[in-house]
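A.B. asks: Sending over a structure as structure tokens; questions will come in a sec.
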Protein chains: 2
Amino acid sequence: MLGTRRGAQRSEKARLAILEAVSIQFQELGYENLTIEGVAKQAGVSKQTIYRWWRSKSDLVAECLLEGRLFPGKFTLQDTGNLRLDLINWVNQVFALMKDPAGHGIVTSLVAAATANEKIGERLRESLGGADSVIARLQAGVLAAQLPDQAPVVELSEALVGALMLKAIGGGGKSSTDAARLVDAIIS
Amino acid sequence: MLGTRRGAQRSEKARLAILEAVSIQFQELGYENLTIEGVAKQAGVSKQTIYRWWRSKSDLVAECLLEGRLFPGKFTLQDTGNLRLDLINWVNQVFALMKDPAGHGIVTSLVAAATANEKIGERLRESLGGADSVIARLQAGVLAAQLPDQAPVVELSEALVGALMLKAIGGGGKSSTDAARLVDAIIS
DNA sequence: TCAATAATATGCAACGGTGCGTCTCGGTAA
DNA sequence: TTACCGAGACGCACCGTTGCATATTATTGA
């Protein structure tokens, strides 16, 4: 039989403790300075238990991100009927996170993690601008005739999220005016 | 006097050997796996000589980037008079680099380096889409009436370059069709 | 039905290895 | 005389792996 499996089960308690520790260390130290040994210590877990289930630091962070443990708060992208204002509002929320030193560290660390692991990149893309939020909101804008019928919503979303990422790592203005200018540049 | 300075001068030979070694190691190993000791060995230089003049790996990479040693080739953004085709052509060049595994590694490593050092981020921004290239080309497009008079060229450039960066780390299509769709989304 | 057995997971601890950043040394060029 | 240089050692942190004792669990067989 295939399902016959003897021996102890994987400890869910240990798994959760590890992911929780990753989340804490990631936010405190950033991706680069996060270490497996540090996570093991904080989680009260043996290093081997980590190595048995994850192949690398980036895998660990990826799973943590997948479980939604790395974002401090959710960004809400409303649909009030006014696409432009909704997007500006959302961009301002992201700017607010990036202007806070801790938040800035989290964002850049997430980008750093994404360069090390494609899954993180994909996930980050979904999480920040994926089907759930920006693309859907743009699509609604098409239906409401606030965008042209054939508007390339996927590309517009990539442009918006990409611009945010660029501002996160390279600087650039993050005022409300900048938010409005950015949104206008993309959906006008 | 301020200019009186005795003793040996900084060795330009050592400095160049170090930067050259960084360039090689960066392209071979990527940012994450580049080590100071490896650079010192390859440059035929003492580790101390590196630590004397640079504070960190990211500083080292930043200076290397500033001297233009990290890009394999230049991307040419022509001005044939047709803004749309010029941009598509340029995006396709960037895509070509990203589709090549080595090139992909260089781009993601540059992004990783940028997350560790703001100077790198700024420089990367200029280098990839800065005043020299994309913004200037967009400005020319405004003058040629291929873009509206008040077009926010800076924001459009950020959107385009940001979208490229997002594709670099998160995947997404990189065909000629994708290039055209992206450019059309931004300048239409 | 219920011990004995076998398989699996865990914590602890140690290993050799690599790279870190600092330091000292003797030599050399301005 | 002074500041640079290369060489090399240092203690440290973390890597990824291994061995061992122990706890947990499903199968086996009396």
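Labels used: A, B, ... for chains in the order of the structure tokens, numbers from 1 for residues in each chain, and numbers from 1 for ligands as shown.
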Could you do a least-squares fit of chain B on chain A over every C-alpha atom, in sequence order, and give the output as a CSV table (one decimal) with C-alpha atoms, in the first residue's frame?
C.D. replies:
chain,number,residue,atom,x,y,z
B,1,MET,CA,-0.2,0.1,0.1
B,2,LEU,CA,0.9,3.6,-0.3
B,3,GLY,CA,-0.8,5.0,2.8
B,4,THR,CA,0.9,2.7,5.3
B,5,ARG,CA,3.3,4.9,7.1
B,6,ARG,CA,4.7,4.1,10.5
B,7,GLY,CA,6.5,6.3,12.9
B,8,ALA,CA,5.8,9.8,14.3
B,9,GLN,CA,4.1,12.4,12.3
B,10,ARG,CA,5.6,15.7,11.4
B,11,SER,CA,5.2,18.1,14.4
B,12,GLU,CA,2.8,20.8,13.5
B,13,LYS,CA,3.7,22.7,16.6
B,14,ALA,CA,7.4,22.8,15.5
B,15,ARG,CA,6.4,23.9,12.0
B,16,LEU,CA,4.3,26.8,13.3
B,17,ALA,CA,6.9,27.8,15.8
B,18,ILE,CA,9.5,27.9,12.9
B,19,LEU,CA,7.3,30.0,10.7
B,20,GLU,CA,6.4,32.4,13.5
B,21,ALA,CA,10.1,32.8,14.3
B,22,VAL,CA,10.9,33.5,10.6
B,23,SER,CA,8.3,36.1,10.6
B,24,ILE,CA,9.7,37.8,13.6
B,25,GLN,CA,13.3,37.6,12.6
B,26,PHE,CA,12.5,38.8,9.1
B,27,GLN,CA,10.8,41.9,10.3
B,28,GLU,CA,13.5,42.6,12.9
B,29,LEU,CA,16.6,41.8,10.8
B,30,GLY,CA,15.6,41.7,7.2
B,31,TYR,CA,16.2,39.0,4.7
B,32,GLU,CA,19.9,39.3,4.5
B,33,ASN,CA,20.6,39.1,8.2
B,34,LEU,CA,18.1,36.3,8.9
B,35,THR,CA,19.9,33.1,9.8
B,36,ILE,CA,18.7,29.5,10.1
B,37,GLU,CA,20.4,29.2,13.5
B,38,GLY,CA,18.7,32.3,14.8
B,39,VAL,CA,15.3,31.0,13.7
B,40,ALA,CA,15.9,27.6,15.3
B,41,LYS,CA,16.9,29.2,18.5
B,42,GLN,CA,13.9,31.5,18.6
B,43,ALA,CA,11.6,28.7,17.7
B,44,GLY,CA,13.0,26.5,20.3
B,45,VAL,CA,13.7,23.9,17.7
B,46,SER,CA,16.7,21.9,16.5
B,47,LYS,CA,18.5,23.2,13.4
B,48,GLN,CA,18.1,19.7,11.9
B,49,THR,CA,14.3,20.0,12.0
B,50,ILE,CA,14.5,23.0,9.8
B,51,TYR,CA,16.9,21.4,7.4
B,52,ARG,CA,14.8,18.4,7.2
B,53,TRP,CA,11.8,20.2,5.8
B,54,TRP,CA,13.2,23.3,4.0
B,55,ARG,CA,16.1,23.4,1.6
B,56,SER,CA,17.2,27.0,2.0
B,57,LYS,CA,16.5,30.3,3.7
B,58,SER,CA,14.6,31.5,0.7
B,59,ASP,CA,12.3,28.4,0.8
B,60,LEU,CA,11.6,29.2,4.4
B,61,VAL,CA,10.8,32.8,3.7
B,62,ALA,CA,8.7,31.8,0.7
B,63,GLU,CA,6.5,29.5,2.7
B,64,CYS,CA,6.2,32.2,5.3
B,65,LEU,CA,5.0,34.7,2.7
B,66,LEU,CA,2.6,32.1,1.3
B,67,GLU,CA,0.9,31.8,4.6
B,68,GLY,CA,0.6,35.6,4.8
B,69,ARG,CA,2.8,36.1,7.8
B,70,LEU,CA,5.2,38.7,6.4
B,71,PHE,CA,2.9,41.7,5.8
B,72,PRO,CA,2.1,43.8,8.8
B,73,GLY,CA,-1.2,45.0,7.5
B,74,LYS,CA,-3.4,44.6,4.5
B,75,PHE,CA,-3.7,47.3,1.9
B,76,THR,CA,-7.3,47.9,1.1
B,77,LEU,CA,-8.1,48.7,-2.5
B,78,GLN,CA,-11.7,49.9,-2.3
B,79,ASP,CA,-14.2,50.2,-5.1
B,80,THR,CA,-16.1,53.4,-4.5
B,81,GLY,CA,-16.9,53.8,-8.1
B,82,ASN,CA,-14.1,56.3,-8.7
B,83,LEU,CA,-11.2,54.3,-10.1
B,84,ARG,CA,-8.7,57.1,-10.0
B,85,LEU,CA,-9.3,58.0,-6.4
B,86,ASP,CA,-9.4,54.4,-5.3
B,87,LEU,CA,-6.0,53.8,-6.9
B,88,ILE,CA,-4.5,56.9,-5.4
B,89,ASN,CA,-5.7,55.9,-2.0
B,90,TRP,CA,-4.2,52.5,-2.4
B,91,VAL,CA,-0.8,53.9,-3.6
B,92,ASN,CA,-0.8,56.3,-0.6
B,93,GLN,CA,-1.2,53.3,1.7
B,94,VAL,CA,1.8,51.6,0.1
B,95,PHE,CA,3.8,54.8,0.3
B,96,ALA,CA,3.0,55.1,4.0
B,97,LEU,CA,4.4,51.7,4.6
B,98,MET,CA,7.5,52.5,2.6
B,99,LYS,CA,8.1,55.8,4.4
B,100,ASP,CA,8.1,54.1,7.7
B,101,PRO,CA,11.7,52.9,8.3
B,102,ALA,CA,10.6,49.5,9.5
B,103,GLY,CA,8.1,49.1,6.6
B,104,HIS,CA,10.7,50.2,4.1
B,105,GLY,CA,13.0,47.5,5.5
B,106,ILE,CA,10.3,44.9,5.0
B,107,VAL,CA,9.6,45.9,1.5
B,108,THR,CA,13.2,45.9,0.4
B,109,SER,CA,13.8,42.7,2.2
B,110,LEU,CA,10.9,41.1,0.3
B,111,VAL,CA,12.4,42.3,-2.9
B,112,ALA,CA,15.7,40.9,-1.9
B,113,ALA,CA,14.1,37.6,-1.0
B,114,ALA,CA,12.3,37.6,-4.4
B,115,THR,CA,15.6,37.9,-6.2
B,116,ALA,CA,16.7,34.7,-4.5
B,117,ASN,CA,13.6,32.6,-5.1
B,118,GLU,CA,11.2,32.8,-8.0
B,119,LYS,CA,8.3,31.6,-6.0
B,120,ILE,CA,8.7,34.5,-3.7
B,121,GLY,CA,8.7,36.8,-6.7
B,122,GLU,CA,5.5,35.3,-8.1
B,123,ARG,CA,3.9,35.4,-4.7
B,124,LEU,CA,4.9,38.9,-4.1
B,125,ARG,CA,3.5,40.0,-7.4
B,126,GLU,CA,0.2,38.4,-6.6
B,127,SER,CA,0.2,39.7,-3.1
B,128,LEU,CA,1.1,43.3,-4.0
B,129,GLY,CA,-0.7,43.7,-7.2
B,130,GLY,CA,-2.2,40.5,-8.3
B,131,ALA,CA,-5.6,39.2,-9.3
B,132,ASP,CA,-7.0,39.9,-5.9
B,133,SER,CA,-6.5,43.6,-6.0
B,134,VAL,CA,-5.2,45.9,-8.7
B,135,ILE,CA,-6.1,43.8,-11.7
B,136,ALA,CA,-9.6,43.2,-10.5
B,137,ARG,CA,-10.1,46.9,-9.6
B,138,LEU,CA,-8.9,47.9,-13.1
B,139,GLN,CA,-11.2,45.4,-14.7
B,140,ALA,CA,-14.1,46.9,-12.7
B,141,GLY,CA,-13.0,50.2,-14.1
B,142,VAL,CA,-13.3,48.9,-17.6
B,143,LEU,CA,-16.8,47.7,-16.9
B,144,ALA,CA,-17.7,51.1,-15.5
B,145,ALA,CA,-16.3,52.7,-18.6
B,146,GLN,CA,-13.6,54.6,-16.7
B,147,LEU,CA,-11.1,52.8,-18.8
B,148,PRO,CA,-11.2,52.0,-22.5
B,149,ASP,CA,-12.8,48.7,-23.4
B,150,GLN,CA,-9.6,47.1,-24.5
B,151,ALA,CA,-7.4,48.5,-21.7
B,152,PRO,CA,-4.5,46.1,-21.0
B,153,VAL,CA,-5.3,45.7,-17.3
B,154,VAL,CA,-2.5,43.2,-16.6
B,155,GLU,CA,0.1,45.4,-18.1
B,156,LEU,CA,-1.2,48.5,-16.4
B,157,SER,CA,-1.1,46.6,-13.1
B,158,GLU,CA,2.5,45.6,-13.7
B,159,ALA,CA,3.4,49.1,-14.5
B,160,LEU,CA,1.9,50.4,-11.3
B,161,VAL,CA,3.3,47.8,-9.1
B,162,GLY,CA,6.6,47.9,-10.8
B,163,ALA,CA,6.8,51.7,-10.3
B,164,LEU,CA,6.1,51.2,-6.6
B,165,MET,CA,8.9,48.6,-6.4
B,166,LEU,CA,11.3,50.9,-8.1
B,167,LYS,CA,10.5,53.7,-5.7
B,168,ALA,CA,10.9,51.3,-2.8
B,169,ILE,CA,14.5,50.4,-3.7
B,170,GLY,CA,15.7,53.5,-5.6
B,171,GLY,CA,14.0,56.3,-3.7
B,172,GLY,CA,11.9,58.9,-5.4
B,173,GLY,CA,9.0,61.0,-4.1
B,174,LYS,CA,6.3,59.3,-2.0
B,175,SER,CA,4.0,62.2,-1.3
B,176,SER,CA,0.3,62.3,-2.1
B,177,THR,CA,1.1,64.5,-5.1
B,178,ASP,CA,3.5,61.8,-6.3
B,179,ALA,CA,0.8,59.2,-5.8
B,180,ALA,CA,-1.7,61.1,-7.9
B,181,ARG,CA,0.9,61.8,-10.6
B,182,LEU,CA,1.8,58.1,-10.8
B,183,VAL,CA,-1.8,57.0,-11.0
B,184,ASP,CA,-2.6,59.6,-13.6
B,185,ALA,CA,0.4,58.6,-15.7
B,186,ILE,CA,-0.8,55.1,-15.8
B,187,ILE,CA,-4.6,55.3,-16.3
B,188,SER,CA,-4.9,58.4,-18.3
A.B. asks: May I have the residues within 10 Å of DG26 (chain C) as a PyMOL selection string, using only C-alpha atoms (C1' of nucleotides) and disregarding those fewer than 2 positions away in the same chain?
C.D. replies: (chain C and resi 24+28) or (chain D and resi 6-7)
A.B. asks: Tell me the residues of chain C close to chain B, meaning within 8 Å using only C-alpha atoms (C1' of nucleotides), as a ChimeraX atom specification.
C.D. replies: /C:19,29-30
A.B. asks: Kindly provide, as a ChimeraX atom specification, the residues of chain D having any atom no farther than 9 Å from an atom of chain A, counting only C-alpha atoms (C1' of nucleotides).
C.D. replies: /D:14-16,23-27
A.B. asks: If you run DSSP on the backbone here, which positions in region 20-60 of chain B get alpha helix (DSSP H)? Please write them as a PyMOL selection string.
C.D. replies: chain B and resi 20-33+36-43+47-53+57-60
